[in-house]
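K.L.:
PDB, C-alpha atoms and all ligand atoms, file my_file_11.pdb:
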MODEL        1
ATOM      1  CA  MET A1137    -105.449-147.276-148.766  1.00  0.00           C
ATOM      2  CA  SER A1138    -103.671-144.039-147.806  1.00  0.00           C
ATOM      3  CA  ARG A1139    -101.847-144.059-151.141  1.00  0.00           C
ATOM      4  CA  ALA A1140    -105.130-143.532-152.927  1.00  0.00           C
ATOM      5  CA  ALA A1141    -105.937-140.310-151.086  1.00  0.00           C
ATOM      6  CA  PRO A1142    -103.917-137.780-153.170  1.00  0.00           C
ATOM      7  CA  ARG A1143    -105.283-139.349-156.326  1.00  0.00           C
ATOM      8  CA  ALA A1144    -108.844-139.042-155.072  1.00  0.00           C
ATOM      9  CA  ILE A1145    -108.304-135.412-154.103  1.00  0.00           C
ATOM     10  CA  LEU A1146    -106.839-134.572-157.481  1.00  0.00           C
ATOM     11  CA  ALA A1147    -109.753-136.276-159.212  1.00  0.00           C
ATOM     12  CA  ALA A1148    -112.200-134.339-157.047  1.00  0.00           C
ATOM     13  CA  LEU A1149    -110.540-131.028-157.879  1.00  0.00           C
ATOM     14  CA  VAL A1150    -110.583-131.714-161.584  1.00  0.00           C
ATOM     15  CA  ALA A1151    -114.190-132.915-161.364  1.00  0.00           C
ATOM     16  CA  LEU A1152    -115.062-129.596-159.757  1.00  0.00           C
ATOM     17  CA  ALA A1153    -113.489-127.771-162.689  1.00  0.00           C
ATOM     18  CA  LEU A1154    -115.402-130.010-165.098  1.00  0.00           C
ATOM     19  CA  THR A1155    -118.769-129.284-163.557  1.00  0.00           C
ATOM     20  CA  ALA A1156    -118.310-125.526-163.142  1.00  0.00           C
ATOM     21  CA  SER A1157    -121.304-124.057-164.905  1.00  0.00           C
ATOM     22  CA  PRO A1158    -120.355-122.256-168.117  1.00  0.00           C
ATOM     23  CA  VAL A1159    -123.912-120.980-168.507  1.00  0.00           C
ATOM     24  CA  ALA A1160    -123.639-118.514-165.652  1.00  0.00           C
ATOM     25  CA  ALA A1161    -120.305-117.107-166.808  1.00  0.00           C
ATOM     26  CA  ALA A1162    -120.236-113.608-168.263  1.00  0.00           C
ATOM     27  CA  PRO A1163    -119.061-113.158-171.846  1.00  0.00           C
ATOM     28  CA  VAL A1164    -115.375-112.609-172.449  1.00  0.00           C
ATOM     29  CA  ASP A1165    -114.990-109.279-174.225  1.00  0.00           C
ATOM     30  CA  VAL A1166    -112.728-108.501-177.164  1.00  0.00           C
ATOM     31  CA  ALA A1167    -112.588-104.943-178.465  1.00  0.00           C
ATOM     32  CA  ILE A1168    -112.252-104.298-182.182  1.00  0.00           C
ATOM     33  CA  ARG A1169    -109.975-101.307-182.624  1.00  0.00           C
ATOM     34  CA  SER A1170    -108.337 -99.667-185.645  1.00  0.00           C
ATOM     35  CA  ILE A1171    -106.901-101.970-186.718  1.00  0.00           C
ATOM     36  CA  SER A1172    -106.492-104.814-184.243  1.00  0.00           C
ATOM     37  CA  TYR A1173    -108.380-107.078-181.863  1.00  0.00           C
ATOM     38  CA  ASP A1174    -107.774-106.322-178.198  1.00  0.00           C
ATOM     39  CA  PRO A1175    -106.748-108.674-176.704  1.00  0.00           C
ATOM     40  CA  SER A1176    -105.634-110.509-179.817  1.00  0.00           C
ATOM     41  CA  ALA A1177    -105.149-113.817-177.978  1.00  0.00           C
ATOM     42  CA  VAL A1178    -107.640-115.127-175.425  1.00  0.00           C
ATOM     43  CA  ASN A1179    -107.321-118.282-173.318  1.00  0.00           C
ATOM     44  CA  LEU A1180    -110.746-119.300-172.091  1.00  0.00           C
ATOM     45  CA  ALA A1181    -110.830-120.922-168.649  1.00  0.00           C
ATOM     46  CA  THR A1182    -113.487-123.487-169.548  1.00  0.00           C
ATOM     47  CA  GLN A1183    -115.385-124.958-172.480  1.00  0.00           C
ATOM     48  CA  GLY A1184    -118.683-123.248-173.242  1.00  0.00           C
ATOM     49  CA  ARG A1185    -117.672-119.642-172.655  1.00  0.00           C
ATOM     50  CA  VAL A1186    -119.105-116.933-174.885  1.00  0.00           C
ATOM     51  CA  VAL A1187    -116.770-114.439-176.531  1.00  0.00           C
ATOM     52  CA  ARG A1188    -118.298-111.073-177.425  1.00  0.00           C
ATOM     53  CA  TRP A1189    -116.571-108.793-179.908  1.00  0.00           C
ATOM     54  CA  THR A1190    -117.491-105.101-179.927  1.00  0.00           C
ATOM     55  CA  ASN A1191    -116.412-102.636-182.585  1.00  0.00           C
ATOM     56  CA  VAL A1192    -115.209 -99.601-180.628  1.00  0.00           C
ATOM     57  CA  THR A1193    -113.581 -97.686-183.496  1.00  0.00           C
ATOM     58  CA  MET A1194    -114.101 -93.931-183.560  1.00  0.00           C
ATOM     59  CA  PRO A1195    -114.677 -92.546-186.119  1.00  0.00           C
ATOM     60  CA  ASN A1196    -116.682 -95.438-187.456  1.00  0.00           C
ATOM     61  CA  ARG A1197    -114.821 -98.093-189.413  1.00  0.00           C
ATOM     62  CA  ALA A1198    -116.391-101.411-190.353  1.00  0.00           C
ATOM     63  CA  HIS A1199    -114.728-104.697-189.402  1.00  0.00           C
ATOM     64  CA  ASP A1200    -115.738-108.322-189.137  1.00  0.00           C
ATOM     65  CA  VAL A1201    -114.723-111.524-187.356  1.00  0.00           C
ATOM     66  CA  VAL A1202    -114.153-114.562-189.594  1.00  0.00           C
ATOM     67  CA  SER A1203    -112.972-117.968-188.367  1.00  0.00           C
ATOM     68  CA  SER A1204    -109.997-119.573-190.120  1.00  0.00           C
ATOM     69  CA  LEU A1205    -111.633-122.978-189.582  1.00  0.00           C
ATOM     70  CA  PRO A1206    -114.119-122.981-192.464  1.00  0.00           C
ATOM     71  CA  ALA A1207    -117.651-121.856-191.551  1.00  0.00           C
ATOM     72  CA  TYR A1208    -117.084-122.213-187.807  1.00  0.00           C
ATOM     73  CA  PHE A1209    -118.076-118.616-187.042  1.00  0.00           C
ATOM     74  CA  ALA A1210    -118.356-115.405-189.043  1.00  0.00           C
ATOM     75  CA  SER A1211    -119.929-112.075-188.229  1.00  0.00           C
ATOM     76  CA  GLU A1212    -121.596-109.647-190.563  1.00  0.00           C
ATOM     77  CA  LEU A1213    -119.735-106.394-191.129  1.00  0.00           C
ATOM     78  CA  LEU A1214    -119.846-104.594-187.800  1.00  0.00           C
ATOM     79  CA  ALA A1215    -120.167-100.825-187.553  1.00  0.00           C
ATOM     80  CA  SER A1216    -118.988 -98.944-184.470  1.00  0.00           C
ATOM     81  CA  GLY A1217    -120.998 -99.978-181.440  1.00  0.00           C
ATOM     82  CA  GLU A1218    -122.119-103.288-182.941  1.00  0.00           C
ATOM     83  CA  THR A1219    -121.304-106.653-181.395  1.00  0.00           C
ATOM     84  CA  PHE A1220    -120.934-110.297-182.394  1.00  0.00           C
ATOM     85  CA  SER A1221    -120.966-113.244-179.992  1.00  0.00           C
ATOM     86  CA  PHE A1222    -120.009-116.919-180.300  1.00  0.00           C
ATOM     87  CA  GLN A1223    -120.044-119.733-177.751  1.00  0.00           C
ATOM     88  CA  PHE A1224    -116.900-121.884-177.797  1.00  0.00           C
ATOM     89  CA  ARG A1225    -118.126-125.382-176.898  1.00  0.00           C
ATOM     90  CA  SER A1226    -115.181-127.374-178.264  1.00  0.00           C
ATOM     91  CA  ALA A1227    -111.518-127.476-177.326  1.00  0.00           C
ATOM     92  CA  GLY A1228    -108.993-126.133-179.796  1.00  0.00           C
ATOM     93  CA  THR A1229    -107.344-122.888-180.797  1.00  0.00           C
ATOM     94  CA  PHE A1230    -109.487-120.927-183.203  1.00  0.00           C
ATOM     95  CA  THR A1231    -107.758-118.231-185.196  1.00  0.00           C
ATOM     96  CA  TYR A1232    -109.723-115.556-187.008  1.00  0.00           C
ATOM     97  CA  ILE A1233    -109.215-112.534-189.209  1.00  0.00           C
ATOM     98  CA  CYS A1234    -110.938-109.388-190.405  1.00  0.00           C
ATOM     99  CA  SER A1235    -111.822-109.981-194.042  1.00  0.00           C
ATOM    100  CA  ILE A1236    -111.269-106.296-194.868  1.00  0.00           C
ATOM    101  CA  HIS A1237    -107.961-105.706-193.063  1.00  0.00           C
ATOM    102  CA  ASP A1238    -105.691-108.702-193.381  1.00  0.00           C
ATOM    103  CA  VAL A1239    -103.358-107.440-190.650  1.00  0.00           C
ATOM    104  CA  MET A1240    -106.110-108.001-188.083  1.00  0.00           C
ATOM    105  CA  LEU A1241    -105.563-111.411-186.494  1.00  0.00           C
ATOM    106  CA  GLY A1242    -106.891-113.008-183.342  1.00  0.00           C
ATOM    107  CA  ALA A1243    -107.077-116.364-181.593  1.00  0.00           C
ATOM    108  CA  ILE A1244    -109.355-117.965-179.007  1.00  0.00           C
ATOM    109  CA  SER A1245    -108.017-120.997-177.109  1.00  0.00           C
ATOM    110  CA  VAL A1246    -110.401-123.435-175.438  1.00  0.00           C
ATOM    111  CA  PRO A1247    -109.023-126.001-172.972  1.00  0.00           C
ATOM    112  CA  VAL A1248    -109.336-129.788-172.835  1.00  0.00           C
ATOM    113  CA  ALA A1249    -111.056-130.996-169.665  1.00  0.00           C
ATOM    114  CA  GLY A1250    -110.023-134.195-167.918  1.00  0.00           C
ATOM    115  CA  THR A1251    -110.156-136.231-164.742  1.00  0.00           C
ATOM    116  CA  LEU A1252    -108.260-139.074-163.118  1.00  0.00           C
ATOM    117  CA  GLU A1253    -110.676-141.473-161.469  1.00  0.00           C
ATOM    118  CA  ALA A1254    -109.791-144.383-159.212  1.00  0.00           C
ATOM    119  CA  VAL A1255    -112.129-147.353-159.557  1.00  0.00           C
ATOM    120  CA  GLY A1256    -111.057-150.175-157.276  1.00  0.00           C
ATOM    121  CA  ASP A1257    -107.429-150.969-158.142  1.00  0.00           C
ATOM    122  CA  ARG A1258    -107.557-149.213-161.477  1.00  0.00           C
ATOM    123  CA  THR A1259    -107.283-145.593-162.508  1.00  0.00           C
ATOM    124  CA  TYR A1260    -109.045-144.177-165.507  1.00  0.00           C
ATOM    125  CA  ILE A1261    -108.468-140.958-167.383  1.00  0.00           C
ATOM    126  CA  ARG A1262    -111.607-139.370-168.746  1.00  0.00           C
ATOM    127  CA  ILE A1263    -111.146-136.621-171.316  1.00  0.00           C
ATOM    128  CA  ARG A1264    -113.784-134.198-172.498  1.00  0.00           C
ATOM    129  CA  ALA A1265    -113.021-132.528-175.825  1.00  0.00           C
ATOM    130  CA  GLY A1266    -116.124-130.357-175.823  1.00  0.00           C
ATOM    131  CA  THR A1267    -119.608-129.941-174.443  1.00  0.00           C
ATOM    132  CA  VAL A1268    -121.370-131.142-177.579  1.00  0.00           C
ATOM    133  CA  LEU A1269    -121.608-134.494-179.297  1.00  0.00           C
ATOM    134  CA  PHE A1270    -121.438-133.754-183.018  1.00  0.00           C
ATOM    135  CA  ARG A1271    -124.243-135.123-185.165  1.00  0.00           C
ATOM    136  CA  ARG A1272    -123.460-137.198-188.210  1.00  0.00           C
ATOM    137  CA  GLU A1273    -124.364-134.313-190.529  1.00  0.00           C
ATOM    138  CA  ASP A1274    -122.200-131.772-188.705  1.00  0.00           C
ATOM    139  CA  ARG A1275    -119.106-130.797-190.620  1.00  0.00           C
ATOM    140  CA  TYR A1276    -116.669-130.934-187.690  1.00  0.00           C
ATOM    141  CA  ARG A1277    -115.019-133.832-185.921  1.00  0.00           C
ATOM    142  CA  TYR A1278    -112.978-133.961-182.740  1.00  0.00           C
ATOM    143  CA  VAL A1279    -109.361-134.977-183.103  1.00  0.00           C
ATOM    144  CA  LEU A1280    -107.922-136.095-179.752  1.00  0.00           C
ATOM    145  CA  LEU A1281    -104.157-136.343-179.395  1.00  0.00           C
ATOM    146  CA  ARG A1282    -102.341-137.907-176.503  1.00  0.00           C
ATOM    147  CA  ARG A1283     -98.828-138.483-175.241  1.00  0.00           C
ATOM    148  CA  GLY A1284     -98.424-140.921-172.375  1.00  0.00           C
ATOM    149  CA  PRO A1285     -95.397-141.662-170.196  1.00  0.00           C
ATOM    150  CA  GLY A1286     -92.585-142.881-172.441  1.00  0.00           C
ATOM    151  CA  ASP A1287     -94.258-141.807-175.680  1.00  0.00           C
ATOM    152  CA  PRO A1288     -91.761-139.837-177.799  1.00  0.00           C
ATOM    153  CA  ALA A1289     -94.416-137.582-179.321  1.00  0.00           C
ATOM    154  CA  PHE A1290     -98.107-136.826-179.485  1.00  0.00           C
ATOM    155  CA  ARG A1291    -100.141-139.175-181.609  1.00  0.00           C
ATOM    156  CA  VAL A1292    -103.724-139.210-182.745  1.00  0.00           C
ATOM    157  CA  TRP A1293    -105.876-141.086-180.243  1.00  0.00           C
ATOM    158  CA  ARG A1294    -109.429-140.605-181.522  1.00  0.00           C
ATOM    159  CA  ILE A1295    -111.139-138.897-184.439  1.00  0.00           C
ATOM    160  CA  GLY A1296    -114.888-138.683-184.326  1.00  0.00           C
ATOM    161  CA  ARG A1297    -118.120-137.101-183.226  1.00  0.00           C
ATOM    162  CA  GLY A1298    -117.793-138.133-179.585  1.00  0.00           C
ATOM    163  CA  ASN A1299    -116.779-135.446-177.107  1.00  0.00           C
ATOM    164  CA  GLU A1300    -115.606-137.839-174.379  1.00  0.00           C
ATOM    165  CA  ALA A1301    -113.011-140.573-174.273  1.00  0.00           C
ATOM    166  CA  THR A1302    -111.683-142.828-171.531  1.00  0.00           C
ATOM    167  CA  MET A1303    -108.481-144.803-171.096  1.00  0.00           C
ATOM    168  CA  GLU A1304    -106.862-146.708-168.274  1.00  0.00           C
ATOM    169  CA  ALA A1305    -103.684-145.234-166.790  1.00  0.00           C
ATOM    170  CA  ARG A1306    -101.251-148.090-166.266  1.00  0.00           C
ATOM    171  CA  LEU A1307     -97.824-146.436-166.279  1.00  0.00           C
ATOM    172  CA  ALA A1308     -96.915-143.808-163.711  1.00  0.00           C
ATOM    173  CA  GLY A1309     -96.114-140.386-165.044  1.00  0.00           C
ATOM    174  CA  GLU A1310     -97.537-137.577-167.113  1.00  0.00           C
ATOM    175  CA  TYR A1311    -100.363-137.999-169.581  1.00  0.00           C
ATOM    176  CA  ARG A1312    -100.739-135.111-171.983  1.00  0.00           C
ATOM    177  CA  PHE A1313    -103.723-134.328-174.164  1.00  0.00           C
ATOM    178  CA  LYS A1314    -104.586-131.860-176.911  1.00  0.00           C
ATOM    179  CA  VAL A1315    -107.655-131.439-179.084  1.00  0.00           C
ATOM    180  CA  ARG A1316    -108.299-129.848-182.443  1.00  0.00           C
ATOM    181  CA  LEU A1317    -111.400-129.660-184.590  1.00  0.00           C
ATOM    182  CA  LYS A1318    -111.292-130.927-188.142  1.00  0.00           C
ATOM    183  CA  ASP A1319    -113.546-129.704-190.926  1.00  0.00           C
ATOM    184  CA  ARG A1320    -114.393-132.882-192.801  1.00  0.00           C
ATOM    185  CA  ILE A1321    -115.617-130.982-195.890  1.00  0.00           C
ATOM    186  CA  GLU A1322    -112.565-128.843-196.649  1.00  0.00           C
ATOM    187  CA  LYS A1323    -110.279-131.249-194.736  1.00  0.00           C
ATOM    188  CA  ARG A1324    -108.792-128.457-192.671  1.00  0.00           C
ATOM    189  CA  PRO A1325    -108.147-128.490-188.928  1.00  0.00           C
ATOM    190  CA  SER A1326    -108.151-125.788-186.295  1.00  0.00           C
ATOM    191  CA  ALA A1327    -104.943-125.212-184.367  1.00  0.00           C
ATOM    192  CA  ASP A1328    -104.394-127.356-181.264  1.00  0.00           C
ATOM    193  CA  SER A1329    -105.886-126.529-177.886  1.00  0.00           C
ATOM    194  CA  PRO A1330    -103.594-125.755-174.966  1.00  0.00           C
ATOM    195  CA  MET A1331    -102.115-128.963-173.554  1.00  0.00           C
ATOM    196  CA  LEU A1332    -103.735-130.692-170.576  1.00  0.00           C
ATOM    197  CA  THR A1333    -101.339-132.608-168.323  1.00  0.00           C
ATOM    198  CA  LEU A1334    -102.596-135.202-165.823  1.00  0.00           C
ATOM    199  CA  VAL A1335    -100.136-136.886-163.468  1.00  0.00           C
ATOM    200  CA  TYR A1336    -100.743-140.498-162.474  1.00  0.00           C
ATOM    201  CA  GLN A1337     -98.871-141.668-159.389  1.00  0.00           C
ATOM    202  CA  PRO A1338     -99.966-145.166-158.328  1.00  0.00           C
TER     203      PRO A1338
HETATM  204 CU    CU B1401    -111.021-104.760-190.089  1.00  0.00          CU
ENDMDL
END
Just give me the structure of the file as structure tokens.

P.N.:
Amino acid sequence: MSRAAPRAILAALVALALTASPVAAAPVDVAIRSISYDPSAVNLATQGRVVRWTNVTMPNRAHDVVSSLPAYFASELLASGETFSFQFRSAGTFTYICSIHDVMLGAISVPVAGTLEAVGDRTYIRIRAGTVLFRREDRYRYVLLRRGPGDPAFRVWRIGRGNEATMEARLAGEYRFKVRLKDRIEKRPSADSPMLTLVYQP
């Protein structure tokens, strides 16, 4: 069974990343300057991190933080010294603007989490699109995209409230995954998360 060892180690490493506690992590800070977000693009290391925006303009100039995905997050107008925080529980790339200054653009990227797990002779890929299961009345749905070995392009795998999905890996090679959120009311999606690549070598 020596062939199974690298697979088991990889699965263990990914499992470790999956279970890393997001609760204990400090907020990721974004400064609101005149007239930009700094940094304008943030790649969060895990799902569940909190981003905290602080208006640091001097002299005082009001700004806000408004999600491009409808109603996902939006601050009040922030004066200098004021902050706004949001916890990013779902994978995707979430762009936002300042509603007063349309040159102010930012983006927060949240990764897909995944593991390869050997169960007897089979290997399963378990993907986590977010830390929350959406309720029926919630306006967002997970859209999971995947591209397996030999697939010419990404295709939609699942659309729904469920934040986890499992498939069996049968072909050797790279399995790629991306997630976006879809607003089912205005029918608009977020941008795609960064791509997760898992390598299956039987
Ligand atoms: Cu502004």

K.L.:
Going by the chain IDs and residue numbers used in this file, which residues fall under the PyMOL selection byres (((chain A and resi 1170) around 9) and not hetatm)? Write them as a tab-separated table (two decimals) with C-alpha atoms, in the coordinates of the input.

P.N.:
chain	number	residue	atom	x	y	z
A	1168	ILE	CA	-112.25	-104.30	-182.18
A	1169	ARG	CA	-109.98	-101.31	-182.62
A	1171	ILE	CA	-106.90	-101.97	-186.72
A	1172	SER	CA	-106.49	-104.81	-184.24
A	1173	TYR	CA	-108.38	-107.08	-181.86
A	1192	VAL	CA	-115.21	-99.60	-180.63
A	1193	THR	CA	-113.58	-97.69	-183.50
A	1194	MET	CA	-114.10	-93.93	-183.56
A	1197	ARG	CA	-114.82	-98.09	-189.41
A	1199	HIS	CA	-114.73	-104.70	-189.40
A	1240	MET	CA	-106.11	-108.00	-188.08

K.L.:
What's around Leu1332 in chain A at 8 Å? Count all atoms listed in the file, leave out sequence neighbours fewer than 2 positions away in its own chain, and write the answer as an MDAnalysis selection string.

P.N.:
chainID A and resid 1247:1250 1312:1314 1330 1334

K.L.:
I'd like the neighbourhood of Phe1224 in chain A as a ChimeraX atom specification, where a residue qualifies if any of its atoms comes within 9 Å (using only C-alpha atoms), though same-chain residues fewer than 2 positions away should be ignored.

P.N.:
/A:1180,1183-1187,1222,1226-1227,1244-1246,1266

K.L.:
Between A:Asn1196, A:Thr1190, A:Thr1267, A:Ser1326, single out the one closest to Asn1299 in chain A, counting all atoms listed in the file.

P.N.:
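Of all the options, A:Thr1267 lies closest to Asn1299 in chain A.
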
K.L.:
In terms of the shortest atom-to-atom distance over all atoms listed in the file, which of A:Val1166, A:Cys1234, A:Leu1281, A:Leu1205 is closest to ligand CU 1401 (chain B)?

P.N.:
A:Cys1234

K.L.:
What is the CA of Ser1211 in chain A to CA of Asp1319 in chain A distance in Å?

P.N.:
18.9 Å

K.L.:
May I ask for the distance between CA of Lys1318 in chain A and CA of Arg1275 in chain A, given in Å to one decimal place?

P.N.:
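Result for CA of Lys1318 in chain A versus CA of Arg1275 in chain A: 8.2 Å, one decimal.
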
K.L.:
Between A:Leu1252, A:Val1201, A:Leu1307, A:Val1268, which residue has the minimum interatomic distance to Asp1287 in chain A, considering all atoms listed in the file?

P.N.:
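When distances to Asp1287 in chain A are compared using all atoms listed in the file, the smallest one comes from A:Leu1307.
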
K.L.:
Just how far from CA of Gly1228 in chain A is CA of Pro1206 in chain A, in Å to one decimal?

P.N.:
14.0 Å

K.L.:
Considering only C-alpha atoms, state which residue in the set A:Arg1306, A:Gly1242, A:Tyr1260, A:Arg1277 is at the smallest distance from Lys1323 in chain A.

P.N.:
A:Arg1277

K.L.:
Using only C-alpha atoms and all ligand atoms, which of A:Asn1191, A:Ser1203, A:Thr1231, A:Ser1176 sits nearest ligand CU 1401 (chain B)?

P.N.:
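Comparing A:Asn1191, A:Ser1203, A:Thr1231, A:Ser1176 against ligand CU 1401 (chain B), the winner is A:Asn1191.
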
K.L.:
For this structure, which residues satisfy the selection - the PyMOL selection byres (((chain A and resi 1293) around 7) and not hetatm) - when it is evaluated on the file as given? I want them as a count of residues only.

P.N.:
6

K.L.:
With 3 Å on each side, where is the centre of the axis-aligned box around all listed atoms of range 1291-1306 of chain A, and how long are its edges in Å to one decimal, as JSON?

P.N.:
{"center_x": -109.1, "center_y": -141.8, "center_z": -175.4, "size_x": 24.0, "size_y": 18.6, "size_z": 24.2}

K.L.:
Residues proximal to (-109.6, -142.8, -174.6) were defined as those with any atom within 8 Å of that point in the file's coordinates, counting all atoms listed in the file. Which are they, as a PyMOL selection string?

P.N.:
chain A and resi 1261-1263+1293-1294+1300-1304

K.L.:
Emit the selected residues as a compact mmCIF listing (two decimals), in the coordinates of the input, including C-alpha atoms.

P.N.:
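To be explicit, this is the file written out as out-v8.txt:
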# COMPACT_ATOMS: atom_id res chain seq x y z
CA ILE A 1261 -108.47 -140.96 -167.38
CA ARG A 1262 -111.61 -139.37 -168.75
CA ILE A 1263 -111.15 -136.62 -171.32
CA TRP A 1293 -105.88 -141.09 -180.24
CA ARG A 1294 -109.43 -140.60 -181.52
CA GLU A 1300 -115.61 -137.84 -174.38
CA ALA A 1301 -113.01 -140.57 -174.27
CA THR A 1302 -111.68 -142.83 -171.53
CA MET A 1303 -108.48 -144.80 -171.10
CA GLU A 1304 -106.86 -146.71 -168.27

K.L.:
Glu1273 in chain A: which residues within 12 Å, counting all atoms listed in the file, same-chain residues fewer than 3 positions away excluded, as a list in words?

P.N.:
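The residues that qualify are Leu1269, Phe1270, Tyr1276, Arg1277, Arg1297, Asp1319, Arg1320 and Ile1321 of chain A.
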
K.L.:
Looking at all atoms listed in the file, which of A:Arg1271, A:Arg1324, A:Arg1283, A:Arg1188 is the one that sits closest to Tyr1311 in chain A?

P.N.:
A:Arg1283

K.L.:
Report the residues retrieved by the PyMOL selection byres (((chain A and resi 1308) around 6) and not hetatm) from the displayed file, expressed as a PyMOL selection string.

P.N.:
chain A and resi 1307+1309+1336-1337

K.L.:
Please, could you write that set of residues out with C-alpha atoms as a compact mmCIF listing (two decimals), in the coordinates of the input?

P.N.:
# COMPACT_ATOMS: atom_id res chain seq x y z
CA LEU A 1307 -97.82 -146.44 -166.28
CA GLY A 1309 -96.11 -140.39 -165.04
CA TYR A 1336 -100.74 -140.50 -162.47
CA GLN A 1337 -98.87 -141.67 -159.39

K.L.:
With N, CA, C and O atoms as the goal, would you fill in the gaps in range 1311-1325 of chain A and present it as a PDB file, in the frame of the given file?

P.N.:
ATOM      1  N   TYR A1311     -99.535-137.759-168.401  1.00  0.00           N
ATOM      2  CA  TYR A1311    -100.363-137.999-169.581  1.00  0.00           C
ATOM      3  C   TYR A1311    -100.792-136.646-170.133  1.00  0.00           C
ATOM      4  O   TYR A1311    -101.384-135.847-169.411  1.00  0.00           O
ATOM      5  N   ARG A1312    -100.468-136.419-171.382  1.00  0.00           N
ATOM      6  CA  ARG A1312    -100.739-135.111-171.983  1.00  0.00           C
ATOM      7  C   ARG A1312    -101.767-135.262-173.104  1.00  0.00           C
ATOM      8  O   ARG A1312    -101.716-136.233-173.866  1.00  0.00           O
ATOM      9  N   PHE A1313    -102.634-134.279-173.180  1.00  0.00           N
ATOM     10  CA  PHE A1313    -103.723-134.328-174.164  1.00  0.00           C
ATOM     11  C   PHE A1313    -103.886-132.980-174.862  1.00  0.00           C
ATOM     12  O   PHE A1313    -103.718-131.926-174.241  1.00  0.00           O
ATOM     13  N   LYS A1314    -104.230-133.050-176.136  1.00  0.00           N
ATOM     14  CA  LYS A1314    -104.586-131.860-176.911  1.00  0.00           C
ATOM     15  C   LYS A1314    -105.759-132.228-177.822  1.00  0.00           C
ATOM     16  O   LYS A1314    -105.945-133.406-178.153  1.00  0.00           O
ATOM     17  N   VAL A1315    -106.498-131.215-178.204  1.00  0.00           N
ATOM     18  CA  VAL A1315    -107.655-131.439-179.084  1.00  0.00           C
ATOM     19  C   VAL A1315    -107.640-130.395-180.186  1.00  0.00           C
ATOM     20  O   VAL A1315    -107.266-129.234-179.955  1.00  0.00           O
ATOM     21  N   ARG A1316    -108.027-130.804-181.373  1.00  0.00           N
ATOM     22  CA  ARG A1316    -108.299-129.848-182.443  1.00  0.00           C
ATOM     23  C   ARG A1316    -109.605-130.257-183.105  1.00  0.00           C
ATOM     24  O   ARG A1316    -110.059-131.401-182.957  1.00  0.00           O
ATOM     25  N   LEU A1317    -110.224-129.327-183.794  1.00  0.00           N
ATOM     26  CA  LEU A1317    -111.400-129.660-184.590  1.00  0.00           C
ATOM     27  C   LEU A1317    -110.968-129.806-186.035  1.00  0.00           C
ATOM     28  O   LEU A1317    -110.107-129.073-186.510  1.00  0.00           O
ATOM     29  N   LYS A1318    -111.593-130.757-186.729  1.00  0.00           N
ATOM     30  CA  LYS A1318    -111.292-130.927-188.142  1.00  0.00           C
ATOM     31  C   LYS A1318    -112.564-130.705-188.951  1.00  0.00           C
ATOM     32  O   LYS A1318    -113.624-131.238-188.609  1.00  0.00           O
ATOM     33  N   ASP A1319    -112.438-129.908-189.994  1.00  0.00           N
ATOM     34  CA  ASP A1319    -113.546-129.704-190.926  1.00  0.00           C
ATOM     35  C   ASP A1319    -113.475-130.820-191.959  1.00  0.00           C
ATOM     36  O   ASP A1319    -112.528-130.882-192.746  1.00  0.00           O
ATOM     37  N   ARG A1320    -114.471-131.701-191.928  1.00  0.00           N
ATOM     38  CA  ARG A1320    -114.393-132.882-192.801  1.00  0.00           C
ATOM     39  C   ARG A1320    -114.736-132.545-194.247  1.00  0.00           C
ATOM     40  O   ARG A1320    -114.520-133.362-195.140  1.00  0.00           O
ATOM     41  N   ILE A1321    -115.271-131.347-194.510  1.00  0.00           N
ATOM     42  CA  ILE A1321    -115.617-130.982-195.890  1.00  0.00           C
ATOM     43  C   ILE A1321    -114.395-130.417-196.619  1.00  0.00           C
ATOM     44  O   ILE A1321    -114.016-130.889-197.683  1.00  0.00           O
ATOM     45  N   GLU A1322    -113.765-129.417-196.009  1.00  0.00           N
ATOM     46  CA  GLU A1322    -112.565-128.843-196.649  1.00  0.00           C
ATOM     47  C   GLU A1322    -111.279-129.492-196.140  1.00  0.00           C
ATOM     48  O   GLU A1322    -110.183-129.084-196.528  1.00  0.00           O
ATOM     49  N   LYS A1323    -111.424-130.485-195.253  1.00  0.00           N
ATOM     50  CA  LYS A1323    -110.279-131.249-194.736  1.00  0.00           C
ATOM     51  C   LYS A1323    -109.249-130.375-194.018  1.00  0.00           C
ATOM     52  O   LYS A1323    -108.050-130.623-194.108  1.00  0.00           O
ATOM     53  N   ARG A1324    -109.735-129.332-193.375  1.00  0.00           N
ATOM     54  CA  ARG A1324    -108.792-128.457-192.671  1.00  0.00           C
ATOM     55  C   ARG A1324    -109.053-128.479-191.172  1.00  0.00           C
ATOM     56  O   ARG A1324    -110.197-128.455-190.741  1.00  0.00           O
ATOM     57  N   PRO A1325    -107.984-128.488-190.376  1.00  0.00           N
ATOM     58  CA  PRO A1325    -108.147-128.490-188.928  1.00  0.00           C
ATOM     59  C   PRO A1325    -107.998-127.093-188.332  1.00  0.00           C
ATOM     60  O   PRO A1325    -107.433-126.193-188.944  1.00  0.00           O
TER      61      PRO A1325
END
